[in-house]
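Contents: one structure, followed by commentary.
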Amino acid sequence: ETGVTQSPTHLIKTRGQQVTLRCSSQSGHNTVSWYQQALGQGPQFIFQYYREEENGRGNFPPRFSGLQFPNYSSELNVNALELDDSALYLCASSPGQVSGANVLTFGAGSRLTVL
Amino acid sequence: AQSVAQPEDQVNVAEGNPLTVKCTYSVSGNPYLFWYVQYPNRGLQFLLKYITGDNLVKGSYGFEAEFNKSQTSFHLKKPSALVSDSALYFCAVSFYSSASKIIFGSGTRLSIRP
């Protein structure tokens, strides 16, 4: 089975620009979550999508938005980039009904640098 | 506020010795507890979880963790460390009532010397 794949792996943007990150979930997984991992920190929950609907959101401003597609792949969009948005963005998928007991399968991440 | 604490930024252990990576949590209700490991340039990988039942949970690569409700801890342990165990370890907590959100600790870097 294929795992979670993310693209691009690295990218550099300037302040004020917009970025789109992409994620293909593991085969059979219908729930996708996005996390931001700043250098030296643990992952911070951004939001989760289940069956193309947002199913929970962390403490991130509205300029962080997302989509989930019918094939369960997902996008994370960040508008008006700020220097503090520089981080590793992780996508994770999980199967079945949404549950706190689900194990997450993570991608390798997209490293965003904002200059 | 719900939180997870990993009090040690780094743990150094000699190969063959037992290792412990500490985790404590501060939450209301009955949490689900997880350990994930992150290798360089890789995403997080699941090690083990506690949902309910036996307080001692066994996971991948010979790791185990003990849920202690009175001390609100979920320490990760291994009887005999390997150099290949060197990585960044994250404790995490989630909830039945808020299934979408998982809170991660800040991570502990485990270094095993030969």
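Identifiers in this document derive from the order of the structure tokens: chains are assigned A, B, ..., residues are numbered from 1 separately in each chain, and ligands are numbered from 1 in order of occurrence.
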
Would you list the contacts of stretch 88-95 of chain A as a VMD selection string, taking every protein, DNA or RNA residue within 8 Å and counting only C-alpha atoms, but skipping same-chain residues closer than 2 positions in sequence?
(chain A and resid 4 6 23 25 to 26 28 to 39 43 86 97 to 98 102 to 112) or (chain B and resid 43)

Quick one: residues within 6 Å of B:Ser80, only C-alpha atoms counted, chain neighbours fewer than 2 positions away excluded, as a PyMOL selection string?
chain B and resi 16-18+78

With a distance cut-off of 12 Å and only C-alpha atoms, select the neighbouring residues of B:Leu110, excluding the residue or stretch itself and same-chain residues fewer than 5 positions from it, and output the selection as a list of chain:residue names.
B:Glu8, B:Asp9, B:Gln10, B:Val11, B:Asn12, B:Val13, B:Ala14, B:Glu15, B:Leu19, B:Thr20, B:Val21, B:Lys22, B:Val37, B:Gln38, B:Tyr39, B:Leu76, B:Lys77, B:Lys78, B:Ala81, B:Leu82, B:Val83, B:Ser84, B:Asp85, B:Ser86, B:Ala87, B:Leu88, B:Tyr89, B:Phe90

May I have the residues from that selection written out with N, CA, C and O atoms, as an mmCIF file, in the first residue's frame?
data_model
loop_
_atom_site.group_PDB
_atom_site.id
_atom_site.type_symbol
_atom_site.label_atom_id
_atom_site.label_comp_id
_atom_site.auth_asym_id
_atom_site.auth_seq_id
_atom_site.Cartn_x
_atom_site.Cartn_y
_atom_site.Cartn_z
ATOM 1 N N GLU B 8 12.163 16.546 29.237
ATOM 2 C CA GLU B 8 13.564 16.438 28.811
ATOM 3 C C GLU B 8 13.676 16.710 27.316
ATOM 4 O O GLU B 8 13.034 16.036 26.508
ATOM 5 N N ASP B 9 14.502 17.706 26.965
ATOM 6 C CA ASP B 9 14.740 17.965 25.542
ATOM 7 C C ASP B 9 15.573 16.857 24.925
ATOM 8 O O ASP B 9 15.419 16.549 23.746
ATOM 9 N N GLN B 10 16.490 16.283 25.728
ATOM 10 C CA GLN B 10 17.392 15.255 25.211
ATOM 11 C C GLN B 10 17.623 14.200 26.284
ATOM 12 O O GLN B 10 17.730 14.511 27.473
ATOM 13 N N VAL B 11 17.695 12.953 25.811
ATOM 14 C CA VAL B 11 18.039 11.826 26.680
ATOM 15 C C VAL B 11 19.182 11.075 26.020
ATOM 16 O O VAL B 11 19.111 10.751 24.833
ATOM 17 N N ASN B 12 20.241 10.840 26.786
ATOM 18 C CA ASN B 12 21.420 10.123 26.288
ATOM 19 C C ASN B 12 21.563 8.805 27.040
ATOM 20 O O ASN B 12 21.567 8.777 28.265
ATOM 21 N N VAL B 13 21.696 7.719 26.275
ATOM 22 C CA VAL B 13 21.776 6.383 26.867
ATOM 23 C C VAL B 13 22.825 5.582 26.110
ATOM 24 O O VAL B 13 22.967 5.727 24.887
ATOM 25 N N ALA B 14 23.544 4.728 26.826
ATOM 26 C CA ALA B 14 24.482 3.821 26.171
ATOM 27 C C ALA B 14 23.732 2.625 25.594
ATOM 28 O O ALA B 14 22.743 2.146 26.170
ATOM 29 N N GLU B 15 24.226 2.162 24.456
ATOM 30 C CA GLU B 15 23.596 0.997 23.811
ATOM 31 C C GLU B 15 23.564 -0.175 24.781
ATOM 32 O O GLU B 15 24.540 -0.450 25.489
ATOM 33 N N LEU B 19 16.122 2.448 28.545
ATOM 34 C CA LEU B 19 15.854 3.858 28.317
ATOM 35 C C LEU B 19 14.437 4.205 28.753
ATOM 36 O O LEU B 19 13.530 3.370 28.728
ATOM 37 N N THR B 20 14.275 5.462 29.173
ATOM 38 C CA THR B 20 12.967 6.001 29.516
ATOM 39 C C THR B 20 12.857 7.402 28.939
ATOM 40 O O THR B 20 13.759 8.217 29.125
ATOM 41 N N VAL B 21 11.764 7.676 28.251
ATOM 42 C CA VAL B 21 11.449 9.020 27.765
ATOM 43 C C VAL B 21 10.147 9.426 28.443
ATOM 44 O O VAL B 21 9.135 8.743 28.315
ATOM 45 N N LYS B 22 10.192 10.559 29.154
ATOM 46 C CA LYS B 22 9.080 10.916 30.027
ATOM 47 C C LYS B 22 8.017 11.759 29.328
ATOM 48 O O LYS B 22 8.332 12.576 28.451
ATOM 49 N N VAL B 37 7.425 8.536 16.669
ATOM 50 C CA VAL B 37 8.858 8.761 16.502
ATOM 51 C C VAL B 37 9.098 9.434 15.156
ATOM 52 O O VAL B 37 8.395 9.149 14.175
ATOM 53 N N GLN B 38 10.070 10.340 15.131
ATOM 54 C CA GLN B 38 10.403 11.054 13.896
ATOM 55 C C GLN B 38 11.891 10.898 13.606
ATOM 56 O O GLN B 38 12.740 11.323 14.391
ATOM 57 N N TYR B 39 12.196 10.294 12.456
ATOM 58 C CA TYR B 39 13.569 10.186 11.992
ATOM 59 C C TYR B 39 13.873 11.373 11.082
ATOM 60 O O TYR B 39 12.941 11.972 10.522
ATOM 61 N N LEU B 76 7.629 6.390 28.037
ATOM 62 C CA LEU B 76 8.047 5.410 27.027
ATOM 63 C C LEU B 76 9.307 4.706 27.532
ATOM 64 O O LEU B 76 10.232 5.359 28.013
ATOM 65 N N LYS B 77 9.342 3.375 27.359
ATOM 66 C CA LYS B 77 10.475 2.615 27.876
ATOM 67 C C LYS B 77 10.908 1.551 26.879
ATOM 68 O O LYS B 77 10.118 1.107 26.053
ATOM 69 N N LYS B 78 12.167 1.149 27.038
ATOM 70 C CA LYS B 78 12.695 0.022 26.282
ATOM 71 C C LYS B 78 13.775 -0.629 27.131
ATOM 72 O O LYS B 78 14.641 0.077 27.671
ATOM 73 N N ALA B 81 18.525 -0.484 24.792
ATOM 74 C CA ALA B 81 18.539 0.497 23.701
ATOM 75 C C ALA B 81 19.463 0.063 22.561
ATOM 76 O O ALA B 81 20.511 -0.571 22.787
ATOM 77 N N LEU B 82 19.072 0.440 21.345
ATOM 78 C CA LEU B 82 19.882 0.232 20.152
ATOM 79 C C LEU B 82 20.297 1.581 19.574
ATOM 80 O O LEU B 82 19.548 2.562 19.700
ATOM 81 N N VAL B 83 21.446 1.622 18.896
ATOM 82 C CA VAL B 83 21.864 2.868 18.260
ATOM 83 C C VAL B 83 20.798 3.355 17.282
ATOM 84 O O VAL B 83 20.547 4.564 17.154
ATOM 85 N N SER B 84 20.129 2.436 16.635
ATOM 86 C CA SER B 84 19.091 2.780 15.651
ATOM 87 C C SER B 84 17.835 3.390 16.292
ATOM 88 O O SER B 84 16.957 3.886 15.579
ATOM 89 N N ASP B 85 17.750 3.369 17.618
ATOM 90 C CA ASP B 85 16.624 4.024 18.307
ATOM 91 C C ASP B 85 16.812 5.537 18.381
ATOM 92 O O ASP B 85 15.885 6.254 18.777
ATOM 93 N N SER B 86 17.980 6.032 18.027
ATOM 94 C CA SER B 86 18.246 7.464 18.069
ATOM 95 C C SER B 86 17.304 8.201 17.127
ATOM 96 O O SER B 86 17.284 7.943 15.919
ATOM 97 N N ALA B 87 16.506 9.095 17.673
ATOM 98 C CA ALA B 87 15.490 9.814 16.895
ATOM 99 C C ALA B 87 14.807 10.816 17.819
ATOM 100 O O ALA B 87 15.170 10.957 18.986
ATOM 101 N N LEU B 88 13.789 11.483 17.268
ATOM 102 C CA LEU B 88 12.997 12.451 18.031
ATOM 103 C C LEU B 88 11.660 11.799 18.373
ATOM 104 O O LEU B 88 10.977 11.281 17.487
ATOM 105 N N TYR B 89 11.311 11.806 19.639
ATOM 106 C CA TYR B 89 10.118 11.108 20.120
ATOM 107 C C TYR B 89 9.082 12.109 20.620
ATOM 108 O O TYR B 89 9.402 13.030 21.376
ATOM 109 N N PHE B 90 7.832 11.890 20.201
ATOM 110 C CA PHE B 90 6.743 12.776 20.585
ATOM 111 C C PHE B 90 5.652 12.005 21.306
ATOM 112 O O PHE B 90 5.181 10.973 20.815
#

As a PyMOL selection string, please: all residues of chain B that backbone DSSP puts in helix (DSSP H, G or I).
chain B and resi 60-62+83-85

Taking only C-alpha atoms into account, name the residue in B:Asn30, B:Lys69, B:Phe104, B:Phe74 that is nearest to chain A.
B:Phe104

For chain B, the closest of A:Pro62, A:Gly16, A:Pro70, A:Gly3 counting only C-alpha atoms is A:Gly3

Can you pull out the residues contacting B:Phe95? Cut-off 12 Å, using only C-alpha atoms, and skip same-chain residues under 2 positions away; I want them as a ChimeraX atom specification.
/A:98-102 /B:2,27-34,50-51,92-93,97-103

Residue neighbourhood A:Leu67, 7 Å, only C-alpha atoms, exclusion window fewer than 5 positions, as a list in words
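Final neighbour list, sorted by chain and number: Glu52, Ser74, Glu75 and Leu76 of chain A.
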
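Counting only C-alpha atoms, the residue from A:Ser65, A:Gln41, A:Thr113, A:Asn55 that sits nearest to B:Ser106 is A:Gln41.
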
Which residue gives the smallest distance to B:Tyr36 among B:Ile112, B:Cys91, B:Ala65, B:Val4, with only C-alpha atoms counted?
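Comparing B:Ile112, B:Cys91, B:Ala65, B:Val4 against B:Tyr36, the winner is B:Cys91.
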
Have a look at atom CA of B:Gly105 and atom CA of A:Tyr49 and let me know their distance in Å, one decimal.
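Separation between atom CA of B:Gly105 and atom CA of A:Tyr49: 22.6 Å.
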
Proximity to chain A - best of B:Ser26, B:Gln6, B:Ser111, B:Asn55, only C-alpha atoms
B:Gln6

Distance criterion (only C-alpha atoms): nearest to A:Val19 out of A:Val78, A:Asn71, A:Asn59, A:Phe64
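Answer, going by the shortest atom-to-atom distance: A:Val78.
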